[in-house]
Amino acid sequence: MAKKSALLQGNEACAHGAIYAGCTFFGGYPITPSSEIAEVMSKLLPKVGGKFIQMEDEIGAMAAIIGASLCGHKVLDATSGPGMSLKQELMGYACIAEVPCVIVNVMRGGPSTGMPTGPSQSDVMQAKWGTHGDHAAIAVAPASCQEIFSETVRAFNLAETYRMPVQILVDEIIAHMREKIVFPEPGELEVVSRRKPEVGPDQYKPFDPSFGDVPPLAAMGSDYRFHVTGLNKAPDGFPTTKAELVDAEERRQIRKVNDHAAAIEKNEEYLMDDAEVAIVAFGISSRSARMAVDILRGEGVKAGLFRPITIWPFPEKRVAEIGRQVKAIVVPEMNLGQLIHAVERSTKGSCILDGVGRVDGEPLTPDQIMDKVKEVL
Amino acid sequence: MTFDYEKYIRPGKLPHIWCPGCGHGIVMKGLIRAIDKCGLQKNRTAIVSGIGCASRLPGYVDFNTVHTAHGRAAAFATGMKMADPDMTVICTGGDGDGVAIGGNHFIHACRRNIDLTYVIMNNHIYGMTGGQFSPCTPTDAFASTTPYGNPDPIFDISKLAIGAGATFVARTTAYHATQIDKLITEGIKHKGMAVIEVLDCCPTSYGRRNKFRSVVEMMKQHKDIAVPVTAAAKMSEEQLAGKILTGVLHKENKPEYCEQYAKLINKVQNPTSK
């Protein structure tokens, strides 16, 4: 039997992916160009017995999903630049309190109100360093409507596995573009839920490192009761200023991502085997880049595309290898140079590196990318 | 028989951070007595706070406790209550936390009439940060950021809650210790958003700057200005000048948010049933 398919907008695909992943709670606040995610969730969640709440502001939405996640739900929030800026306060809370949650940022022009209906890829660094304090970050960046669906499922899996906020970075173009989606059958894509405590309530500590770098998380309201705070805390969850405990907790929370970078990373490579010039691009820009590669190949230029699908943690090892293989790397992105910093940090000067940026609300064209490739060669 | 508070206090978490003379401990004891009276199960009760002296309360008591970010208690609690409507969710916090930085969440929790009990300790000051004025610092009073007297008018928290749609609103003071647990008990039992404002004293950050020579004097002032709503009904406007009303200020029955959402789910899942 043929699988069910539909013509869906990227934002709609995201909502359907969330339901597939087992999301049962959405908290949000209207903002262009992400609002369709909230709209579809408000329609789908009651059907599966889930809860949708439109909160009074972006911070409240983030607070509500963290609260619901602590009670055992898989949770989603969706926003765009100005909203993402507001959420940074509680992104930090979700990091330190280690609460699984998924946040979609449909990137639009900025800073500030910027261009609400114009696409952008300018929140790359915010996704890594937006909230204050030292913290790990996971962000995925799909490039098609089908991939938005599957990456939303993966974002939930990563949030649940590593007990932390995971961001889905989408640009306004794929968020509003319509493409055919083939719905995976139940069980076709892996769906992961958070690890539950293996000890009784008397022994349970919500941040107990003896259970590994990602300690199990009980649901509030179950047989386990515990304390959560945004303060630096000891393994039992209560605040501490003891230097060795603070240090150990901080390091564990960074390590849980860094030590599993290989499992979190996901990349796509196109004609990279013999490439002499690599284009490193994500999201919508990677689609222009792929076309540029095809045209360049036709002209006899050995070009290849490296597309990080997980952009944080950045695939440093693989990009370092590519830097040693090729003469040059070109990074096209819809900002004036953000992902290129991660590429530079990985390649450490081993090849020519240049970027091509665009911030006028229009997508990068294959021509612009090809021109840059020819310039650096 | 004396009340056994130990049953609800987390072992090893005292002493608390509150200064001598602070009323937060009186409120905490009142809250514990109210929870006991209501017969709540520890595992099925959550206490959620923001940031500040009063917001440290959850760390001391043996329930599901969430010490959130500044002002966000009501929003976290809304998510928790929606997620698990049968769990009792109580917010605790101060005036600045609740109605300044958290004002938006506070009024919208009231508007939704979600079944939370919000115990707000109004000590008229940001105590933890060293005594800056809050939206509840009386006009002309002194704070570390009003060295010439406070030019701002105040928020009346209870009136704000009533205006925003809370369906149970009560007020008392830290002096009226026995009334605290009575009102919180009634608030917990009430189906819908319950706000219990407790006028509290901060001798360290407010009292010293405002010429209160002792904690007793501060509490006595609360005692003197408190007028039960029942008594106020028989008093003239002149007699009520400078007074604050205590007791249950507002109570009504309106649809509760989680119940409304449960009906919505039922309607969506069973489109033909009525």
# chains A, B, ... in the order shown; residues from 1 in each chain; ligands from 1
$ select_by_dssp --residues "region 8-207 of chain B" --states "helix (DSSP H, G or I)" --output "JSON, numbers by chain"
{"B": [8, 24, 25, 26, 27, 28, 29, 30, 31, 32, 33, 34, 35, 36, 37, 38, 42, 43, 44, 54, 55, 56, 57, 58, 59, 60, 73, 74, 75, 76, 77, 78, 79, 80, 81, 82, 83, 95, 96, 97, 98, 99, 100, 101, 103, 104, 105, 106, 107, 108, 109, 110, 111, 112, 157, 158, 159, 160, 161, 162, 163, 164, 177, 178, 179, 180, 181, 182, 183, 184, 185, 186, 187, 188, 189, 203, 204, 205, 206, 207]}
$ residues_around --residues "Tyr204 (chain A)" --least-positions-apart "2" --cutoff "12 Å" --atoms "only C-alpha atoms" --output "PyMOL selection string"
chain A and resi 196-202+206-211+215-219+223-227+235-237
$ interface_residues --of "chain A" --to "chain B" --cutoff "9 Å" --atoms "only C-alpha atoms" --output "VMD selection string"
chain A and resid 24 to 25 27 45 to 53 55 to 57 59 to 73 89 to 90 93 220 to 231 238 to 239
$ residues_around --residues "region 300-313 of chain A" --least-positions-apart "5" --cutoff "6 Å" --atoms "only C-alpha atoms" --output "PDB file with all heavy atoms, in the first residue's frame"
ATOM      1  N   ILE A 138      22.396  22.166  21.206  1.00  0.00           N
ATOM      2  CA  ILE A 138      22.129  21.302  20.056  1.00  0.00           C
ATOM      3  C   ILE A 138      21.142  22.038  19.165  1.00  0.00           C
ATOM      4  O   ILE A 138      20.119  22.526  19.642  1.00  0.00           O
ATOM      5  CB  ILE A 138      21.532  19.931  20.466  1.00  0.00           C
ATOM      6  CG1 ILE A 138      22.497  19.152  21.372  1.00  0.00           C
ATOM      7  CG2 ILE A 138      21.190  19.106  19.215  1.00  0.00           C
ATOM      8  CD1 ILE A 138      21.961  17.799  21.844  1.00  0.00           C
ATOM      9  N   ALA A 139      21.502  22.155  17.880  1.00  0.00           N
ATOM     10  CA  ALA A 139      20.588  22.777  16.919  1.00  0.00           C
ATOM     11  C   ALA A 139      20.648  22.001  15.614  1.00  0.00           C
ATOM     12  O   ALA A 139      21.736  21.634  15.149  1.00  0.00           O
ATOM     13  CB  ALA A 139      20.960  24.237  16.676  1.00  0.00           C
ATOM     14  N   VAL A 140      19.475  21.752  15.039  1.00  0.00           N
ATOM     15  CA  VAL A 140      19.406  21.077  13.749  1.00  0.00           C
ATOM     16  C   VAL A 140      18.840  22.047  12.721  1.00  0.00           C
ATOM     17  O   VAL A 140      18.085  22.945  13.063  1.00  0.00           O
ATOM     18  CB  VAL A 140      18.553  19.781  13.823  1.00  0.00           C
ATOM     19  CG1 VAL A 140      19.125  18.824  14.857  1.00  0.00           C
ATOM     20  CG2 VAL A 140      17.090  20.086  14.128  1.00  0.00           C
ATOM     21  N   ALA A 141      19.254  21.852  11.463  1.00  0.00           N
ATOM     22  CA  ALA A 141      18.871  22.816  10.424  1.00  0.00           C
ATOM     23  C   ALA A 141      18.438  22.088   9.161  1.00  0.00           C
ATOM     24  O   ALA A 141      19.243  21.850   8.259  1.00  0.00           O
ATOM     25  CB  ALA A 141      20.039  23.751  10.127  1.00  0.00           C
ATOM     26  N   PRO A 142      17.170  21.707   9.075  1.00  0.00           N
ATOM     27  CA  PRO A 142      16.681  21.002   7.889  1.00  0.00           C
ATOM     28  C   PRO A 142      16.641  21.904   6.660  1.00  0.00           C
ATOM     29  O   PRO A 142      16.659  23.127   6.782  1.00  0.00           O
ATOM     30  CB  PRO A 142      15.268  20.569   8.290  1.00  0.00           C
ATOM     31  CG  PRO A 142      14.876  21.466   9.408  1.00  0.00           C
ATOM     32  CD  PRO A 142      16.128  21.888  10.093  1.00  0.00           C
ATOM     33  N   GLU A 265      25.829  14.506  15.594  1.00  0.00           N
ATOM     34  CA  GLU A 265      26.120  15.078  14.276  1.00  0.00           C
ATOM     35  C   GLU A 265      25.374  14.343  13.170  1.00  0.00           C
ATOM     36  O   GLU A 265      25.156  13.140  13.227  1.00  0.00           O
ATOM     37  CB  GLU A 265      27.625  14.981  13.984  1.00  0.00           C
ATOM     38  CG  GLU A 265      28.399  16.128  14.590  1.00  0.00           C
ATOM     39  CD  GLU A 265      29.898  15.967  14.394  1.00  0.00           C
ATOM     40  OE1 GLU A 265      30.328  15.332  13.404  1.00  0.00           O
ATOM     41  OE2 GLU A 265      30.625  16.490  15.240  1.00  0.00           O
ATOM     42  N   LYS A 266      25.010  15.116  12.163  1.00  0.00           N
ATOM     43  CA  LYS A 266      24.393  14.520  10.974  1.00  0.00           C
ATOM     44  C   LYS A 266      24.725  15.454   9.815  1.00  0.00           C
ATOM     45  O   LYS A 266      24.475  16.665   9.897  1.00  0.00           O
ATOM     46  CB  LYS A 266      22.888  14.414  11.176  1.00  0.00           C
ATOM     47  CG  LYS A 266      22.183  13.641  10.072  1.00  0.00           C
ATOM     48  CD  LYS A 266      20.701  13.499  10.398  1.00  0.00           C
ATOM     49  CE  LYS A 266      19.966  12.863   9.237  1.00  0.00           C
ATOM     50  NZ  LYS A 266      18.515  12.877   9.476  1.00  0.00           N
ATOM     51  N   ASN A 267      25.333  14.901   8.784  1.00  0.00           N
ATOM     52  CA  ASN A 267      25.748  15.714   7.644  1.00  0.00           C
ATOM     53  C   ASN A 267      25.324  15.034   6.363  1.00  0.00           C
ATOM     54  O   ASN A 267      25.120  13.828   6.327  1.00  0.00           O
ATOM     55  CB  ASN A 267      27.276  15.863   7.615  1.00  0.00           C
ATOM     56  CG  ASN A 267      27.843  16.252   8.958  1.00  0.00           C
ATOM     57  OD1 ASN A 267      27.459  17.267   9.528  1.00  0.00           O
ATOM     58  ND2 ASN A 267      28.740  15.424   9.497  1.00  0.00           N
ATOM     59  N   GLU A 268      25.275  15.823   5.309  1.00  0.00           N
ATOM     60  CA  GLU A 268      25.064  15.255   3.982  1.00  0.00           C
ATOM     61  C   GLU A 268      26.211  15.743   3.098  1.00  0.00           C
ATOM     62  O   GLU A 268      26.569  16.930   3.146  1.00  0.00           O
ATOM     63  CB  GLU A 268      23.734  15.722   3.402  1.00  0.00           C
ATOM     64  CG  GLU A 268      23.423  15.067   2.063  1.00  0.00           C
ATOM     65  CD  GLU A 268      22.216  15.688   1.379  1.00  0.00           C
ATOM     66  OE1 GLU A 268      22.238  16.909   1.130  1.00  0.00           O
ATOM     67  OE2 GLU A 268      21.270  14.950   1.112  1.00  0.00           O
ATOM     68  N   GLU A 269      26.787  14.820   2.348  1.00  0.00           N
ATOM     69  CA  GLU A 269      27.870  15.213   1.446  1.00  0.00           C
ATOM     70  C   GLU A 269      27.462  14.906   0.005  1.00  0.00           C
ATOM     71  O   GLU A 269      26.881  13.860  -0.266  1.00  0.00           O
ATOM     72  CB  GLU A 269      29.165  14.472   1.818  1.00  0.00           C
ATOM     73  CG  GLU A 269      29.560  14.779   3.263  1.00  0.00           C
ATOM     74  CD  GLU A 269      30.987  14.385   3.618  1.00  0.00           C
ATOM     75  OE1 GLU A 269      31.760  14.041   2.703  1.00  0.00           O
ATOM     76  OE2 GLU A 269      31.309  14.436   4.817  1.00  0.00           O
ATOM     77  N   TYR A 270      27.779  15.814  -0.885  1.00  0.00           N
ATOM     78  CA  TYR A 270      27.413  15.656  -2.295  1.00  0.00           C
ATOM     79  C   TYR A 270      28.651  15.923  -3.149  1.00  0.00           C
ATOM     80  O   TYR A 270      29.212  17.021  -3.102  1.00  0.00           O
ATOM     81  CB  TYR A 270      26.287  16.645  -2.624  1.00  0.00           C
ATOM     82  CG  TYR A 270      25.828  16.619  -4.069  1.00  0.00           C
ATOM     83  CD1 TYR A 270      25.298  15.462  -4.642  1.00  0.00           C
ATOM     84  CD2 TYR A 270      25.899  17.764  -4.850  1.00  0.00           C
ATOM     85  CE1 TYR A 270      24.860  15.451  -5.960  1.00  0.00           C
ATOM     86  CE2 TYR A 270      25.467  17.768  -6.172  1.00  0.00           C
ATOM     87  CZ  TYR A 270      24.948  16.597  -6.724  1.00  0.00           C
ATOM     88  OH  TYR A 270      24.522  16.582  -8.029  1.00  0.00           O
ATOM     89  N   LEU A 271      29.089  14.890  -3.863  1.00  0.00           N
ATOM     90  CA  LEU A 271      30.259  14.967  -4.754  1.00  0.00           C
ATOM     91  C   LEU A 271      31.516  15.473  -4.020  1.00  0.00           C
ATOM     92  O   LEU A 271      32.300  16.245  -4.559  1.00  0.00           O
ATOM     93  CB  LEU A 271      29.954  15.856  -5.976  1.00  0.00           C
ATOM     94  CG  LEU A 271      28.740  15.442  -6.810  1.00  0.00           C
ATOM     95  CD1 LEU A 271      28.535  16.407  -7.985  1.00  0.00           C
ATOM     96  CD2 LEU A 271      28.879  14.011  -7.341  1.00  0.00           C
ATOM     97  N   MET A 272      31.655  15.013  -2.799  1.00  0.00           N
ATOM     98  CA  MET A 272      32.800  15.476  -2.004  1.00  0.00           C
ATOM     99  C   MET A 272      34.055  14.615  -2.218  1.00  0.00           C
ATOM    100  O   MET A 272      35.155  15.065  -1.898  1.00  0.00           O
ATOM    101  CB  MET A 272      32.441  15.493  -0.509  1.00  0.00           C
ATOM    102  CG  MET A 272      31.663  16.720  -0.052  1.00  0.00           C
ATOM    103  SD  MET A 272      32.539  18.277  -0.356  1.00  0.00           S
ATOM    104  CE  MET A 272      34.015  18.037   0.605  1.00  0.00           C
ATOM    105  N   ALA A 275      36.429  16.276  -4.475  1.00  0.00           N
ATOM    106  CA  ALA A 275      36.241  17.731  -4.546  1.00  0.00           C
ATOM    107  C   ALA A 275      37.537  18.488  -4.272  1.00  0.00           C
ATOM    108  O   ALA A 275      38.331  18.103  -3.413  1.00  0.00           O
ATOM    109  CB  ALA A 275      35.165  18.168  -3.565  1.00  0.00           C
ATOM    110  N   GLU A 276      37.731  19.545  -5.047  1.00  0.00           N
ATOM    111  CA  GLU A 276      38.869  20.446  -4.809  1.00  0.00           C
ATOM    112  C   GLU A 276      38.403  21.756  -4.197  1.00  0.00           C
ATOM    113  O   GLU A 276      39.196  22.522  -3.676  1.00  0.00           O
ATOM    114  CB  GLU A 276      39.609  20.697  -6.133  1.00  0.00           C
ATOM    115  CG  GLU A 276      40.369  19.450  -6.575  1.00  0.00           C
ATOM    116  CD  GLU A 276      40.961  19.591  -7.972  1.00  0.00           C
ATOM    117  OE1 GLU A 276      40.792  20.651  -8.597  1.00  0.00           O
ATOM    118  OE2 GLU A 276      41.593  18.619  -8.424  1.00  0.00           O
ATOM    119  N   VAL A 277      37.082  21.971  -4.324  1.00  0.00           N
ATOM    120  CA  VAL A 277      36.502  23.110  -3.625  1.00  0.00           C
ATOM    121  C   VAL A 277      35.213  22.627  -2.961  1.00  0.00           C
ATOM    122  O   VAL A 277      34.421  21.900  -3.572  1.00  0.00           O
ATOM    123  CB  VAL A 277      36.245  24.324  -4.570  1.00  0.00           C
ATOM    124  CG1 VAL A 277      35.357  23.945  -5.738  1.00  0.00           C
ATOM    125  CG2 VAL A 277      35.645  25.500  -3.813  1.00  0.00           C
ATOM    126  N   ALA A 278      35.065  22.981  -1.698  1.00  0.00           N
ATOM    127  CA  ALA A 278      33.876  22.546  -0.970  1.00  0.00           C
ATOM    128  C   ALA A 278      33.005  23.749  -0.639  1.00  0.00           C
ATOM    129  O   ALA A 278      33.521  24.815  -0.280  1.00  0.00           O
ATOM    130  CB  ALA A 278      34.271  21.829   0.315  1.00  0.00           C
ATOM    131  N   ILE A 279      31.717  23.559  -0.826  1.00  0.00           N
ATOM    132  CA  ILE A 279      30.776  24.581  -0.370  1.00  0.00           C
ATOM    133  C   ILE A 279      30.140  24.026   0.907  1.00  0.00           C
ATOM    134  O   ILE A 279      29.609  22.911   0.899  1.00  0.00           O
ATOM    135  CB  ILE A 279      29.708  24.881  -1.438  1.00  0.00           C
ATOM    136  CG1 ILE A 279      30.404  25.338  -2.735  1.00  0.00           C
ATOM    137  CG2 ILE A 279      28.727  25.927  -0.948  1.00  0.00           C
ATOM    138  CD1 ILE A 279      29.482  25.420  -3.939  1.00  0.00           C
ATOM    139  N   VAL A 280      30.269  24.775   1.985  1.00  0.00           N
ATOM    140  CA  VAL A 280      29.658  24.356   3.249  1.00  0.00           C
ATOM    141  C   VAL A 280      28.423  25.226   3.451  1.00  0.00           C
ATOM    142  O   VAL A 280      28.536  26.442   3.616  1.00  0.00           O
ATOM    143  CB  VAL A 280      30.636  24.501   4.436  1.00  0.00           C
ATOM    144  CG1 VAL A 280      29.935  24.171   5.754  1.00  0.00           C
ATOM    145  CG2 VAL A 280      31.850  23.585   4.240  1.00  0.00           C
ATOM    146  N   ALA A 281      27.264  24.601   3.372  1.00  0.00           N
ATOM    147  CA  ALA A 281      26.025  25.378   3.454  1.00  0.00           C
ATOM    148  C   ALA A 281      24.943  24.570   4.139  1.00  0.00           C
ATOM    149  O   ALA A 281      24.946  23.338   4.090  1.00  0.00           O
ATOM    150  CB  ALA A 281      25.565  25.772   2.046  1.00  0.00           C
ATOM    151  N   PHE A 282      24.010  25.279   4.778  1.00  0.00           N
ATOM    152  CA  PHE A 282      22.905  24.603   5.471  1.00  0.00           C
ATOM    153  C   PHE A 282      21.586  25.250   5.049  1.00  0.00           C
ATOM    154  O   PHE A 282      21.563  26.328   4.456  1.00  0.00           O
ATOM    155  CB  PHE A 282      23.095  24.685   6.997  1.00  0.00           C
ATOM    156  CG  PHE A 282      22.886  26.066   7.561  1.00  0.00           C
ATOM    157  CD1 PHE A 282      21.683  26.413   8.176  1.00  0.00           C
ATOM    158  CD2 PHE A 282      23.875  27.034   7.462  1.00  0.00           C
ATOM    159  CE1 PHE A 282      21.476  27.691   8.688  1.00  0.00           C
ATOM    160  CE2 PHE A 282      23.673  28.315   7.964  1.00  0.00           C
ATOM    161  CZ  PHE A 282      22.475  28.638   8.583  1.00  0.00           C
ATOM    162  N   VAL A 293      27.013  23.503  -7.399  1.00  0.00           N
ATOM    163  CA  VAL A 293      27.949  22.380  -7.558  1.00  0.00           C
ATOM    164  C   VAL A 293      27.726  21.694  -8.896  1.00  0.00           C
ATOM    165  O   VAL A 293      28.679  21.412  -9.638  1.00  0.00           O
ATOM    166  CB  VAL A 293      27.800  21.374  -6.383  1.00  0.00           C
ATOM    167  CG1 VAL A 293      28.523  20.056  -6.700  1.00  0.00           C
ATOM    168  CG2 VAL A 293      28.337  21.978  -5.089  1.00  0.00           C
TER     169      VAL A 293
END
$ residues_around --residues "Gly207 (chain B)" --least-positions-apart "6" --cutoff "12 Å" --atoms "only C-alpha atoms" --output "list in words"
Gly21, Cys22, Asn123, His124, Ile125, Gly127, Gly131, Thr137, Ala141, Phe142, Ala143, Ser144, Asp200, Cys201, Arg213, Ser214, Val215, Val216, Glu217, Met218, Met219 and Gln221 of chain B
$ atom_distance --atom1 "CA of Asp213 (chain A)" --atom2 "CA of Arg255 (chain A)"
7.3 Å
$ closest_residue --among "B:Ala226, B:Ile32, B:Ala174, B:Leu240" --to "Val198 (chain B)" --atoms "only C-alpha atoms"
B:Ala174
$ select_by_dssp --residues "region 72-241 of chain B" --states "strand (DSSP E or B)" --output "ChimeraX atom specification"
/B:88-94,116-122,126,132,143,146,168-173,194-199,226-228
$ residues_around --residues "Asp259 (chain A)" --least-positions-apart "6" --cutoff "12 Å" --atoms "only C-alpha atoms" --output "list in words"
Ala136, Tyr162, Gly212, Asp213, Val214, Arg251, Arg252, Gln253, Glu265 and Pro313 of chain A
$ write_last_selection --atoms "all heavy atoms" --output "PDB file, in the first residue's frame"
ATOM      1  N   ALA A 136      26.022  23.908  26.815  1.00  0.00           N
ATOM      2  CA  ALA A 136      26.071  23.186  25.546  1.00  0.00           C
ATOM      3  C   ALA A 136      24.841  23.563  24.731  1.00  0.00           C
ATOM      4  O   ALA A 136      23.870  24.089  25.272  1.00  0.00           O
ATOM      5  CB  ALA A 136      26.082  21.683  25.814  1.00  0.00           C
ATOM      6  N   TYR A 162      19.352  13.668  25.612  1.00  0.00           N
ATOM      7  CA  TYR A 162      20.383  14.444  26.324  1.00  0.00           C
ATOM      8  C   TYR A 162      19.793  15.375  27.378  1.00  0.00           C
ATOM      9  O   TYR A 162      20.515  16.126  28.017  1.00  0.00           O
ATOM     10  CB  TYR A 162      21.255  15.200  25.310  1.00  0.00           C
ATOM     11  CG  TYR A 162      21.996  14.219  24.424  1.00  0.00           C
ATOM     12  CD1 TYR A 162      21.570  13.945  23.133  1.00  0.00           C
ATOM     13  CD2 TYR A 162      23.067  13.497  24.935  1.00  0.00           C
ATOM     14  CE1 TYR A 162      22.210  13.000  22.352  1.00  0.00           C
ATOM     15  CE2 TYR A 162      23.713  12.546  24.156  1.00  0.00           C
ATOM     16  CZ  TYR A 162      23.278  12.301  22.870  1.00  0.00           C
ATOM     17  OH  TYR A 162      23.913  11.343  22.120  1.00  0.00           O
ATOM     18  N   GLY A 212      25.508   8.350  34.937  1.00  0.00           N
ATOM     19  CA  GLY A 212      26.038   8.793  33.652  1.00  0.00           C
ATOM     20  C   GLY A 212      25.907  10.285  33.480  1.00  0.00           C
ATOM     21  O   GLY A 212      25.400  10.993  34.365  1.00  0.00           O
ATOM     22  N   ASP A 213      26.367  10.766  32.337  1.00  0.00           N
ATOM     23  CA  ASP A 213      26.351  12.203  32.100  1.00  0.00           C
ATOM     24  C   ASP A 213      24.947  12.740  31.857  1.00  0.00           C
ATOM     25  O   ASP A 213      24.726  13.950  31.918  1.00  0.00           O
ATOM     26  CB  ASP A 213      27.265  12.559  30.924  1.00  0.00           C
ATOM     27  CG  ASP A 213      28.735  12.506  31.330  1.00  0.00           C
ATOM     28  OD1 ASP A 213      29.011  12.527  32.553  1.00  0.00           O
ATOM     29  OD2 ASP A 213      29.595  12.428  30.437  1.00  0.00           O
ATOM     30  N   VAL A 214      24.009  11.845  31.552  1.00  0.00           N
ATOM     31  CA  VAL A 214      22.605  12.272  31.422  1.00  0.00           C
ATOM     32  C   VAL A 214      21.778  11.487  32.442  1.00  0.00           C
ATOM     33  O   VAL A 214      21.257  10.421  32.145  1.00  0.00           O
ATOM     34  CB  VAL A 214      22.067  12.033  29.996  1.00  0.00           C
ATOM     35  CG1 VAL A 214      20.690  12.685  29.845  1.00  0.00           C
ATOM     36  CG2 VAL A 214      23.019  12.568  28.940  1.00  0.00           C
ATOM     37  N   ARG A 251      30.692  21.033  34.160  1.00  0.00           N
ATOM     38  CA  ARG A 251      31.477  20.247  33.199  1.00  0.00           C
ATOM     39  C   ARG A 251      30.683  19.066  32.662  1.00  0.00           C
ATOM     40  O   ARG A 251      30.758  18.736  31.474  1.00  0.00           O
ATOM     41  CB  ARG A 251      32.785  19.761  33.831  1.00  0.00           C
ATOM     42  CG  ARG A 251      33.785  20.886  34.005  1.00  0.00           C
ATOM     43  CD  ARG A 251      35.066  20.422  34.677  1.00  0.00           C
ATOM     44  NE  ARG A 251      35.886  21.571  35.028  1.00  0.00           N
ATOM     45  CZ  ARG A 251      36.702  22.195  34.168  1.00  0.00           C
ATOM     46  NH1 ARG A 251      36.811  21.768  32.924  1.00  0.00           N
ATOM     47  NH2 ARG A 251      37.394  23.241  34.562  1.00  0.00           N
ATOM     48  N   ARG A 252      29.891  18.439  33.539  1.00  0.00           N
ATOM     49  CA  ARG A 252      29.070  17.313  33.070  1.00  0.00           C
ATOM     50  C   ARG A 252      28.089  17.779  31.993  1.00  0.00           C
ATOM     51  O   ARG A 252      27.881  17.109  30.985  1.00  0.00           O
ATOM     52  CB  ARG A 252      28.297  16.693  34.242  1.00  0.00           C
ATOM     53  CG  ARG A 252      27.368  15.558  33.809  1.00  0.00           C
ATOM     54  CD  ARG A 252      26.633  14.897  34.952  1.00  0.00           C
ATOM     55  NE  ARG A 252      25.762  15.785  35.687  1.00  0.00           N
ATOM     56  CZ  ARG A 252      24.576  16.225  35.243  1.00  0.00           C
ATOM     57  NH1 ARG A 252      24.147  15.872  34.052  1.00  0.00           N
ATOM     58  NH2 ARG A 252      23.842  17.031  35.992  1.00  0.00           N
ATOM     59  N   GLN A 253      27.498  18.954  32.203  1.00  0.00           N
ATOM     60  CA  GLN A 253      26.478  19.421  31.267  1.00  0.00           C
ATOM     61  C   GLN A 253      27.060  19.800  29.900  1.00  0.00           C
ATOM     62  O   GLN A 253      26.349  19.780  28.897  1.00  0.00           O
ATOM     63  CB  GLN A 253      25.706  20.598  31.863  1.00  0.00           C
ATOM     64  CG  GLN A 253      24.850  20.145  33.038  1.00  0.00           C
ATOM     65  CD  GLN A 253      23.905  21.214  33.529  1.00  0.00           C
ATOM     66  OE1 GLN A 253      23.661  22.209  32.857  1.00  0.00           O
ATOM     67  NE2 GLN A 253      23.366  21.018  34.713  1.00  0.00           N
ATOM     68  N   GLU A 265      25.829  14.506  15.594  1.00  0.00           N
ATOM     69  CA  GLU A 265      26.120  15.078  14.276  1.00  0.00           C
ATOM     70  C   GLU A 265      25.374  14.343  13.170  1.00  0.00           C
ATOM     71  O   GLU A 265      25.156  13.140  13.227  1.00  0.00           O
ATOM     72  CB  GLU A 265      27.625  14.981  13.984  1.00  0.00           C
ATOM     73  CG  GLU A 265      28.399  16.128  14.590  1.00  0.00           C
ATOM     74  CD  GLU A 265      29.898  15.967  14.394  1.00  0.00           C
ATOM     75  OE1 GLU A 265      30.328  15.332  13.404  1.00  0.00           O
ATOM     76  OE2 GLU A 265      30.625  16.490  15.240  1.00  0.00           O
ATOM     77  N   PRO A 313      26.147  20.557  17.995  1.00  0.00           N
ATOM     78  CA  PRO A 313      27.573  20.822  17.867  1.00  0.00           C
ATOM     79  C   PRO A 313      28.017  20.775  16.396  1.00  0.00           C
ATOM     80  O   PRO A 313      27.526  19.951  15.631  1.00  0.00           O
ATOM     81  CB  PRO A 313      28.222  19.696  18.669  1.00  0.00           C
ATOM     82  CG  PRO A 313      27.205  18.617  18.723  1.00  0.00           C
ATOM     83  CD  PRO A 313      25.875  19.280  18.700  1.00  0.00           C
TER      84      PRO A 313
END
$ decode --residues "region 329-335 of chain A" --atoms "N, CA, C and O atoms" --output "JSON list (two decimals), in the first residue's frame"
[["chain", "number", "residue", "atom", "x", "y", "z"],
["A", 329, "ILE", "N", 37.32, 26.46, 0.62],
["A", 329, "ILE", "CA", 35.95, 26.28, 1.12],
["A", 329, "ILE", "C", 35.22, 27.60, 0.97],
["A", 329, "ILE", "O", 35.75, 28.67, 1.31],
["A", 330, "VAL", "N", 34.00, 27.51, 0.46],
["A", 330, "VAL", "CA", 33.14, 28.69, 0.37],
["A", 330, "VAL", "C", 31.91, 28.44, 1.25],
["A", 330, "VAL", "O", 31.34, 27.35, 1.21],
["A", 331, "VAL", "N", 31.57, 29.43, 2.04],
["A", 331, "VAL", "CA", 30.43, 29.29, 2.95],
["A", 331, "VAL", "C", 29.36, 30.32, 2.58],
["A", 331, "VAL", "O", 29.46, 31.49, 2.95],
["A", 332, "PRO", "N", 28.34, 29.89, 1.84],
["A", 332, "PRO", "CA", 27.23, 30.81, 1.56],
["A", 332, "PRO", "C", 26.20, 30.74, 2.68],
["A", 332, "PRO", "O", 25.79, 29.65, 3.09],
["A", 333, "GLU", "N", 25.81, 31.87, 3.21],
["A", 333, "GLU", "CA", 24.80, 31.87, 4.26],
["A", 333, "GLU", "C", 24.06, 33.20, 4.24],
["A", 333, "GLU", "O", 24.62, 34.23, 3.86],
["A", 334, "MET", "N", 22.80, 33.18, 4.65],
["A", 334, "MET", "CA", 21.97, 34.38, 4.61],
["A", 334, "MET", "C", 22.17, 35.21, 5.87],
["A", 334, "MET", "O", 21.27, 35.43, 6.68],
["A", 335, "ASN", "N", 23.42, 35.64, 6.02],
["A", 335, "ASN", "CA", 23.84, 36.54, 7.08],
["A", 335, "ASN", "C", 25.19, 37.05, 6.60],
["A", 335, "ASN", "O", 25.62, 36.71, 5.50]]
